[in-house]
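Q: The structure under discussion is supplied below as structure tokens; questions concerning it will follow.
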Amino acid sequence: MSSNPALNEARDTFFAESREMLQVIEDTLLALESNAADDETINALFRAAHTIKGSAGLFDFERIVRFTHVVESVLQRVRDGAIRLLPPLVSLLLVCGDQIAALLAEAEADTLAKSPAPHPNTDAHGAELVAQLNDYLAPAAAGGALLRTADPIAEPVPAAHGGVASEHWHISVRFGPDVLRNGMDPLSFVRYLGSLGRLISVSTVFDGMPDAATMDPETCYLGFEIALMTDADRQTIADAFEFVRDDCALRILPPHSKLAEYVQLIAAMPEDDIRLGELLVRSGSLTEAELAAGLSAQGQRRVPGEAPPQLGEILLGQQSVEAPVLNAALDKQLRVRERVAQESRFVRVRADKLDQLINLVGELVVASAGVNLRALALKDAALQEATASLTHLVEQIRDDALQLRMVQLAETFNRFNRIVRDTARELGKEIELQIEGGDTELDKTMVEKLADPLMHLVRNAIDHGIEAPEVRAAAGKPRCGTLTLAACHDSGSIVITVRDDGAGLSRERLLKKGIERGLVAPGDQLSDSEVFNLIFAPGFSTAQTVTELSGRGVGMDVVKRNIQALRGVVSLGSEPGRGTTVTMRLPLTLAIIDGFLVGVAGAMFVVPQELVIECIEAPALDLQQDYLNLRGEVLPFLRLDQMLGSVGEPVATRNTRRSSVVVVRTGSGKAGLLVDSLHGEFHTVIKPLGKLFQNIRGVSDATILGNGEVALVLDVSALVGSAATRLQGGTVPAHGSRALAQAV
Amino acid sequence: MIQISSEAGRSVARLEGEFTIYQAAESKPPLMAAIADSEELEINLAGVTEIDSAGLQLLLLAKREALRTGKSVRLVAHSEATLAVIDLLGLAGYFGDPLVLRA
């Protein structure tokens, strides 16, 4: 089985899809905690569990099937209204979801290893959970409705009558109301049966359809009485209905079945006996005489307690999957998936294919810049016109290609629902997570790298930010704290904030700690933001108690490093008693940036465009002066030539020439960069610098210009930071100023 | 896509493209209105490229509604897709319309 590539692929898809289903289950359960359960949500839960079970069965993952079956049974009881989804059950189901995830991971590992390994821990945990789940099932076992294992295909029937004359199989099926909405088409099942043999007759039953006013066009009211001549066995026929197994009432009668079985069939189906009898006669399965005999016999022998058929009476249990059956089922699964895909208009594409496309687009951007340059040099107007439109198209392609890799942040944000819930519970706090701007899009690679810093911040907020309910109540705040994850676009970059309405940071405590750690000199006057941003210094923690979750003094500096690695900046604001807000400003993508090209001492440098606020002509400057007057504001500026140690003309001669100042945004304010020449905006494809250049501060990447020259991309925040170090070196201890610089 | 036109007390409903679960909800009201508004409705299926159970249900509903109210609903110009479904499910007799057999 494992040597079949199609099967392997299907199995990979199964793992991927099952994980998505588990996520759906988790999200739904969490939503149920805050909202009352409506039928649709419970159905969604049930369907997700059912799909995992069904698909796992196809691949013989016996452990997943066994466990999920119990979960599904409990959900079925919820769906039937026998039990209610109260918080303890929700918690239990969440843990069960984790268990299924664990089973999936093990199944995947076993598949790779090609030999199942024992997993005593998971098994033990599973057994424990099953025992708990069984508490919810216990009353059902007595009622028997749920754990019924009767095989509807071959119910024991008293041999009171002989077999009927017909030589074909008779299949009687009534589809559940949600079949169409679940993406199944009853017609396709009939078509599939036709491929198993010859359809002698099909009668369509829609007696259950209400009158025109109340008929819902998306509800399924159909049923079929089918006479099928085939050599296929029972299992094959039953498996045709695999995907609606729990959503249809199915009876299969083999050729020459006992008349009594037909009588049972007639009694079991919802339609009127006579009407159904006629259908059977019409389909050729019964003769008129047989029908008459059967109906009269039925009058005398009504089976006591015979319930109408339960949906999903064909129960799991026969997993003897043969190759053709499996293929048919996979085929059908594919068709269903196609339908789903059509519905949501999505295409699954491998991420590395997208990355390759974006790489190529990057090369295209560089190449077209080269062509542009040549065209300008040739002074051929027609050629320039042609390249201009080419450039325009390339830009569009670039934007669209990058757009392909954009994903909504909602998925990442929603993952925190569970974390917030569990962590809050563990700490005995009440916390509600609010998500704003979940539809904001961000490059997929960025989203992945954001997960860790976000996790740190969220945990910090829960652990240290939001107070215990009693403390909150005493402070006159609502008992339930609010944690907000928000995202929005702002001038070409994305801003993500983690906000809590907790106690806020204590300025005094931070300052004290800063002095203790030698980060701040005792006499220094620091602004609020400078104090709050001390928290990003390495090894800085204000937690008075170290808990399981955070407060070990690692974290915030890691967050800062992670965000900086994404070319972003992070800052923190806090109001005592009102809460803390951490703001991260990130570029939209890593691969290509809009750059602003400047010349410094004969070399070219790129400043990320989103950081550039404006460009001004440099006024006459004193050589020692490192600030200037920007419309009444003090603007500190850096002499890039000195900072970068360029070997160019001596400063004295250059100073007579006109130079410019590029005003850039830094973490909390503005700074100027003194440059020799401005070369305007340009799109640049980022090429990472090799390991050798890793420790150079102030330069983050390189890029290739159209003329083949290399330009370095400036890391503005690092530049400004190291300048701050230098400037303050005289007044505070060296390591303290470094921390300050990082906090800029 | 469903287009209703009427001429001399007789309505014609022209179905175009897919007639499936995706169109069912929007198709039902105009179809039912067309039956209510006129004595005689002709449903032209020539343009139907795909029909599924949901589409079929609507045709069944239309026919039954007509039978109930003593009106006439006829299916005409069946496309390949509709013919195949009516054929498969043995519904030709129920609809009772003349079918053009494929060569």
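Labeling convention for the structure tokens: chains A, B, ... as they appear, residues from 1 per chain, ligands from 1 in order of appearance.
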Residues of chain B near chain A: apply a cut-off of 9 Å, count only C-alpha atoms, and supply the list as a list in words.

A: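 The complete set of qualifying residues is Ile21, Tyr22, Ala24, Ala25, Glu26, Ser27, Lys28, Met32, Asp52, Ser53, Ala54, Gly55, Gln57, Leu58, Leu60, Leu61, Ala62, Arg64, Glu65, Val85, Leu88, Leu89, Gly90 and Leu91 of chain B.
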
Q: Please identify all polymer residues within 12 Å of Pro98 in chain B, counting only C-alpha atoms, omitting same-chain residues fewer than 3 positions from it, and present them as a tab-separated table (two decimals) with N, CA, C and O atoms, in the first residue's frame.

A:
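So the final result, stored in part.tsv, reads:
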chain	number	residue	atom	x	y	z
B	74	ARG	N	-44.33	22.57	-18.72
B	74	ARG	CA	-43.69	21.65	-19.66
B	74	ARG	C	-42.20	21.94	-19.72
B	74	ARG	O	-41.78	23.08	-19.68
B	75	LEU	N	-41.44	20.85	-19.81
B	75	LEU	CA	-40.00	21.01	-20.02
B	75	LEU	C	-39.76	20.81	-21.51
B	75	LEU	O	-40.23	19.83	-22.08
B	76	VAL	N	-39.05	21.74	-22.11
B	76	VAL	CA	-38.79	21.58	-23.55
B	76	VAL	C	-37.30	21.79	-23.84
B	76	VAL	O	-36.56	22.32	-23.02
B	77	ALA	N	-36.93	21.34	-25.02
B	77	ALA	CA	-35.57	21.52	-25.54
B	77	ALA	C	-34.51	21.08	-24.55
B	77	ALA	O	-33.57	21.82	-24.24
B	78	HIS	N	-34.69	19.86	-24.02
B	78	HIS	CA	-33.72	19.36	-23.04
B	78	HIS	C	-32.30	19.38	-23.58
B	78	HIS	O	-32.06	18.92	-24.69
B	83	LEU	N	-31.13	15.78	-20.10
B	83	LEU	CA	-31.62	14.49	-20.58
B	83	LEU	C	-30.99	13.34	-19.82
B	83	LEU	O	-31.66	12.40	-19.40
B	92	ALA	N	-38.67	10.49	-16.84
B	92	ALA	CA	-39.33	10.93	-18.08
B	92	ALA	C	-40.84	10.82	-17.94
B	92	ALA	O	-41.59	11.70	-18.33
B	93	GLY	N	-41.27	9.73	-17.33
B	93	GLY	CA	-42.70	9.49	-17.18
B	93	GLY	C	-43.35	10.54	-16.28
B	93	GLY	O	-44.45	11.01	-16.55
B	94	TYR	N	-42.66	10.91	-15.24
B	94	TYR	CA	-43.24	11.88	-14.30
B	94	TYR	C	-43.44	13.23	-14.97
B	94	TYR	O	-44.48	13.85	-14.86
B	95	PHE	N	-42.43	13.66	-15.69
B	95	PHE	CA	-42.54	14.96	-16.33
B	95	PHE	C	-43.49	14.88	-17.53
B	95	PHE	O	-44.17	15.85	-17.85
B	101	LEU	N	-34.88	12.11	-28.66
B	101	LEU	CA	-33.83	11.14	-28.39
B	101	LEU	C	-32.58	11.50	-29.15
B	101	LEU	O	-32.63	11.94	-30.28

Q: Need the shell around range 576-586 of chain A: protein/DNA/RNA residues with any atom at most 6 Å away, counting only C-alpha atoms. Skip same-chain ones fewer than 3 positions apart. Format as an MDAnalysis selection string?

A: chainID A and resid 493:504 568:573

Q: Where does DSSP see helix (DSSP H, G or I) in chain B, if you list the residues as an NGL selection string?

A: :B and (21-37 or 53-69 or 80-88 or 92-95)

Q: For Pro587 in chain A, work out the shell of residues within 10 Å, counting only C-alpha atoms and skipping chain neighbours fewer than 6 positions away, then give it as a PDB file with all heavy atoms, in the first residue's frame.

A:
ATOM      1  N   LEU A 442      -0.450  39.844   5.168  1.00  0.00           N
ATOM      2  CA  LEU A 442       0.982  39.962   5.404  1.00  0.00           C
ATOM      3  C   LEU A 442       1.656  38.792   4.692  1.00  0.00           C
ATOM      4  O   LEU A 442       1.077  37.719   4.539  1.00  0.00           O
ATOM      5  CB  LEU A 442       1.235  39.886   6.923  1.00  0.00           C
ATOM      6  CG  LEU A 442       2.622  40.206   7.430  1.00  0.00           C
ATOM      7  CD1 LEU A 442       3.008  41.620   7.043  1.00  0.00           C
ATOM      8  CD2 LEU A 442       2.664  40.068   8.932  1.00  0.00           C
ATOM      9  N   ASP A 443       2.894  39.005   4.281  1.00  0.00           N
ATOM     10  CA  ASP A 443       3.630  37.941   3.612  1.00  0.00           C
ATOM     11  C   ASP A 443       3.692  36.692   4.504  1.00  0.00           C
ATOM     12  O   ASP A 443       3.955  36.777   5.686  1.00  0.00           O
ATOM     13  CB  ASP A 443       5.044  38.436   3.318  1.00  0.00           C
ATOM     14  CG  ASP A 443       5.763  37.552   2.334  1.00  0.00           C
ATOM     15  OD1 ASP A 443       6.052  36.390   2.668  1.00  0.00           O
ATOM     16  OD2 ASP A 443       6.015  38.022   1.228  1.00  0.00           O
ATOM     17  N   MET A 446       6.619  36.132   6.671  1.00  0.00           N
ATOM     18  CA  MET A 446       6.632  37.011   7.830  1.00  0.00           C
ATOM     19  C   MET A 446       5.700  36.487   8.910  1.00  0.00           C
ATOM     20  O   MET A 446       6.029  36.518  10.101  1.00  0.00           O
ATOM     21  CB  MET A 446       6.158  38.414   7.444  1.00  0.00           C
ATOM     22  CG  MET A 446       6.922  39.042   6.336  1.00  0.00           C
ATOM     23  SD  MET A 446       8.195  40.078   6.989  1.00  0.00           S
ATOM     24  CE  MET A 446       7.243  41.340   7.742  1.00  0.00           C
ATOM     25  N   HIS A 489      -2.845  48.397   8.342  1.00  0.00           N
ATOM     26  CA  HIS A 489      -1.833  48.912   7.436  1.00  0.00           C
ATOM     27  C   HIS A 489      -1.606  50.372   7.747  1.00  0.00           C
ATOM     28  O   HIS A 489      -2.537  51.105   8.031  1.00  0.00           O
ATOM     29  CB  HIS A 489      -2.307  48.776   5.990  1.00  0.00           C
ATOM     30  CG  HIS A 489      -2.256  47.367   5.516  1.00  0.00           C
ATOM     31  ND1 HIS A 489      -1.071  46.705   5.312  1.00  0.00           N
ATOM     32  CD2 HIS A 489      -3.230  46.487   5.211  1.00  0.00           C
ATOM     33  CE1 HIS A 489      -1.320  45.484   4.903  1.00  0.00           C
ATOM     34  NE2 HIS A 489      -2.632  45.316   4.838  1.00  0.00           N
ATOM     35  N   ASP A 490      -0.352  50.794   7.680  1.00  0.00           N
ATOM     36  CA  ASP A 490      -0.085  52.203   7.894  1.00  0.00           C
ATOM     37  C   ASP A 490       1.099  52.593   7.022  1.00  0.00           C
ATOM     38  O   ASP A 490       2.190  52.079   7.200  1.00  0.00           O
ATOM     39  CB  ASP A 490       0.218  52.447   9.379  1.00  0.00           C
ATOM     40  CG  ASP A 490       0.509  53.904   9.636  1.00  0.00           C
ATOM     41  OD1 ASP A 490      -0.182  54.750   9.059  1.00  0.00           O
ATOM     42  OD2 ASP A 490       1.455  54.177  10.392  1.00  0.00           O
ATOM     43  N   SER A 491       0.870  53.451   6.105  1.00  0.00           N
ATOM     44  CA  SER A 491       1.873  53.977   5.178  1.00  0.00           C
ATOM     45  C   SER A 491       2.893  52.913   4.760  1.00  0.00           C
ATOM     46  O   SER A 491       4.062  52.997   5.078  1.00  0.00           O
ATOM     47  CB  SER A 491       2.589  55.182   5.775  1.00  0.00           C
ATOM     48  OG  SER A 491       3.245  54.830   6.966  1.00  0.00           O
ATOM     49  N   GLY A 492       2.390  51.922   4.055  1.00  0.00           N
ATOM     50  CA  GLY A 492       3.279  50.937   3.443  1.00  0.00           C
ATOM     51  C   GLY A 492       3.843  49.897   4.382  1.00  0.00           C
ATOM     52  O   GLY A 492       4.558  49.007   3.963  1.00  0.00           O
ATOM     53  N   SER A 493       3.536  49.992   5.639  1.00  0.00           N
ATOM     54  CA  SER A 493       3.983  48.928   6.517  1.00  0.00           C
ATOM     55  C   SER A 493       2.775  48.441   7.314  1.00  0.00           C
ATOM     56  O   SER A 493       1.680  48.998   7.208  1.00  0.00           O
ATOM     57  CB  SER A 493       5.103  49.409   7.432  1.00  0.00           C
ATOM     58  OG  SER A 493       4.777  50.644   7.984  1.00  0.00           O
ATOM     59  N   ILE A 494       3.001  47.406   8.082  1.00  0.00           N
ATOM     60  CA  ILE A 494       1.892  46.859   8.852  1.00  0.00           C
ATOM     61  C   ILE A 494       2.185  47.075  10.328  1.00  0.00           C
ATOM     62  O   ILE A 494       3.338  46.982  10.750  1.00  0.00           O
ATOM     63  CB  ILE A 494       1.680  45.373   8.521  1.00  0.00           C
ATOM     64  CG1 ILE A 494       0.416  44.862   9.165  1.00  0.00           C
ATOM     65  CG2 ILE A 494       2.854  44.548   8.954  1.00  0.00           C
ATOM     66  CD1 ILE A 494       0.028  43.513   8.645  1.00  0.00           C
ATOM     67  N   VAL A 495       1.161  47.423  11.054  1.00  0.00           N
ATOM     68  CA  VAL A 495       1.340  47.698  12.474  1.00  0.00           C
ATOM     69  C   VAL A 495       0.530  46.668  13.266  1.00  0.00           C
ATOM     70  O   VAL A 495      -0.666  46.543  13.061  1.00  0.00           O
ATOM     71  CB  VAL A 495       0.861  49.111  12.833  1.00  0.00           C
ATOM     72  CG1 VAL A 495       0.972  49.345  14.323  1.00  0.00           C
ATOM     73  CG2 VAL A 495       1.673  50.138  12.082  1.00  0.00           C
ATOM     74  N   LEU A 566      13.091  41.007  11.088  1.00  0.00           N
ATOM     75  CA  LEU A 566      12.072  41.170  10.051  1.00  0.00           C
ATOM     76  C   LEU A 566      12.065  42.606   9.535  1.00  0.00           C
ATOM     77  O   LEU A 566      11.108  43.024   8.886  1.00  0.00           O
ATOM     78  CB  LEU A 566      10.687  40.827  10.608  1.00  0.00           C
ATOM     79  CG  LEU A 566      10.476  39.387  11.044  1.00  0.00           C
ATOM     80  CD1 LEU A 566       9.131  39.227  11.725  1.00  0.00           C
ATOM     81  CD2 LEU A 566      10.558  38.473   9.861  1.00  0.00           C
ATOM     82  N   ARG A 567      13.124  43.341   9.859  1.00  0.00           N
ATOM     83  CA  ARG A 567      13.222  44.731   9.421  1.00  0.00           C
ATOM     84  C   ARG A 567      12.132  45.582  10.066  1.00  0.00           C
ATOM     85  O   ARG A 567      11.697  46.565   9.487  1.00  0.00           O
ATOM     86  CB  ARG A 567      13.077  44.822   7.901  1.00  0.00           C
ATOM     87  CG  ARG A 567      14.263  45.465   7.238  1.00  0.00           C
ATOM     88  CD  ARG A 567      13.940  45.690   5.782  1.00  0.00           C
ATOM     89  NE  ARG A 567      13.877  44.433   5.072  1.00  0.00           N
ATOM     90  CZ  ARG A 567      14.953  43.740   4.761  1.00  0.00           C
ATOM     91  NH1 ARG A 567      16.125  44.165   5.092  1.00  0.00           N
ATOM     92  NH2 ARG A 567      14.849  42.605   4.109  1.00  0.00           N
ATOM     93  N   GLY A 568      11.717  45.188  11.240  1.00  0.00           N
ATOM     94  CA  GLY A 568      10.649  45.931  11.890  1.00  0.00           C
ATOM     95  C   GLY A 568      11.154  46.632  13.140  1.00  0.00           C
ATOM     96  O   GLY A 568      12.299  46.474  13.535  1.00  0.00           O
ATOM     97  N   VAL A 569      10.288  47.439  13.727  1.00  0.00           N
ATOM     98  CA  VAL A 569      10.644  48.078  14.985  1.00  0.00           C
ATOM     99  C   VAL A 569       9.545  47.772  15.994  1.00  0.00           C
ATOM    100  O   VAL A 569       8.388  47.571  15.637  1.00  0.00           O
ATOM    101  CB  VAL A 569      10.777  49.610  14.846  1.00  0.00           C
ATOM    102  CG1 VAL A 569      12.054  49.967  14.125  1.00  0.00           C
ATOM    103  CG2 VAL A 569       9.585  50.187  14.143  1.00  0.00           C
ATOM    104  N   ILE A 593      11.823  45.303  -1.617  1.00  0.00           N
ATOM    105  CA  ILE A 593      11.396  46.510  -0.918  1.00  0.00           C
ATOM    106  C   ILE A 593      11.436  47.696  -1.877  1.00  0.00           C
ATOM    107  O   ILE A 593      12.130  47.659  -2.888  1.00  0.00           O
ATOM    108  CB  ILE A 593      12.263  46.827   0.315  1.00  0.00           C
ATOM    109  CG1 ILE A 593      13.712  47.060  -0.095  1.00  0.00           C
ATOM    110  CG2 ILE A 593      12.173  45.742   1.342  1.00  0.00           C
ATOM    111  CD1 ILE A 593      14.542  47.680   1.001  1.00  0.00           C
ATOM    112  N   PRO A 608      15.331  51.952   3.182  1.00  0.00           N
ATOM    113  CA  PRO A 608      13.973  51.452   2.951  1.00  0.00           C
ATOM    114  C   PRO A 608      12.980  52.606   2.827  1.00  0.00           C
ATOM    115  O   PRO A 608      12.933  53.482   3.696  1.00  0.00           O
ATOM    116  CB  PRO A 608      13.684  50.602   4.186  1.00  0.00           C
ATOM    117  CG  PRO A 608      15.033  50.167   4.656  1.00  0.00           C
ATOM    118  CD  PRO A 608      15.962  51.292   4.324  1.00  0.00           C
ATOM    119  N   GLU A 610       9.859  52.944   3.200  1.00  0.00           N
ATOM    120  CA  GLU A 610       8.811  53.211   4.183  1.00  0.00           C
ATOM    121  C   GLU A 610       9.320  53.998   5.381  1.00  0.00           C
ATOM    122  O   GLU A 610       8.552  54.505   6.183  1.00  0.00           O
ATOM    123  CB  GLU A 610       8.136  51.911   4.629  1.00  0.00           C
ATOM    124  CG  GLU A 610       8.979  51.010   5.501  1.00  0.00           C
ATOM    125  CD  GLU A 610       9.584  49.865   4.703  1.00  0.00           C
ATOM    126  OE1 GLU A 610       9.555  49.940   3.462  1.00  0.00           O
ATOM    127  OE2 GLU A 610      10.064  48.900   5.323  1.00  0.00           O
ATOM    128  N   LEU A 611      10.660  54.073   5.509  1.00  0.00           N
ATOM    129  CA  LEU A 611      11.209  54.809   6.636  1.00  0.00           C
ATOM    130  C   LEU A 611      11.468  56.275   6.292  1.00  0.00           C
ATOM    131  O   LEU A 611      11.696  57.094   7.169  1.00  0.00           O
ATOM    132  CB  LEU A 611      12.529  54.161   7.092  1.00  0.00           C
ATOM    133  CG  LEU A 611      12.403  52.746   7.650  1.00  0.00           C
ATOM    134  CD1 LEU A 611      13.773  52.194   8.022  1.00  0.00           C
ATOM    135  CD2 LEU A 611      11.494  52.734   8.867  1.00  0.00           C
TER     136      LEU A 611
END

Q: What's the 9 Å shell around Glu39 in chain B, counting only C-alpha atoms, without same-chain residues fewer than 5 positions away, as an MDAnalysis selection string?

A: chainID B and resid 9:11 66 70:73

Q: So which one's closest to Gly47 in chain B, B:Leu31, B:Met1, B:Ala81, B:Leu15? Using only C-alpha atoms, please.

A: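 Checking each candidate against Gly47 in chain B, we get B:Leu15 as the closest.
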
Q: Name the residues of chain B that fall into strand (DSSP E or B) according to DSSP on the backbone, using the chain letters and numbers of this document, as a ChimeraX atom specification.

A: /B:2-7,10-19,40-51,72-76

Q: Please provide as a list in words all residues within 10 Å of Gly17 in chain B, with the sequence filter that same-chain residues fewer than 3 positions apart are discarded (counting only C-alpha atoms).

A: Met1, Ile2, Thr20, Gln23, Leu45, Ala46, Gly47, Val48, Thr49, Glu50 and Ile51 of chain B

Q: Excluding Gly698 in chain A and any residue of its chain fewer than 5 positions from it, enumerate the residues within 6 Å of it, using only C-alpha atoms, and give them as a PyMOL selection string.

A: chain A and resi 714-715+718-719

Q: At what distance in Å, to one decimal, does CA of Ala618 in chain A lie from CA of Ser660 in chain A?

A: 4.6 Å

Q: Given only C-alpha atoms as the basis, pick out the residue of A:Gln99, A:Ser172, A:Gln564, A:Ser73 nearest to Arg19 in chain A.

A: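 Result for the nearest residue to Arg19 in chain A: A:Gln99.
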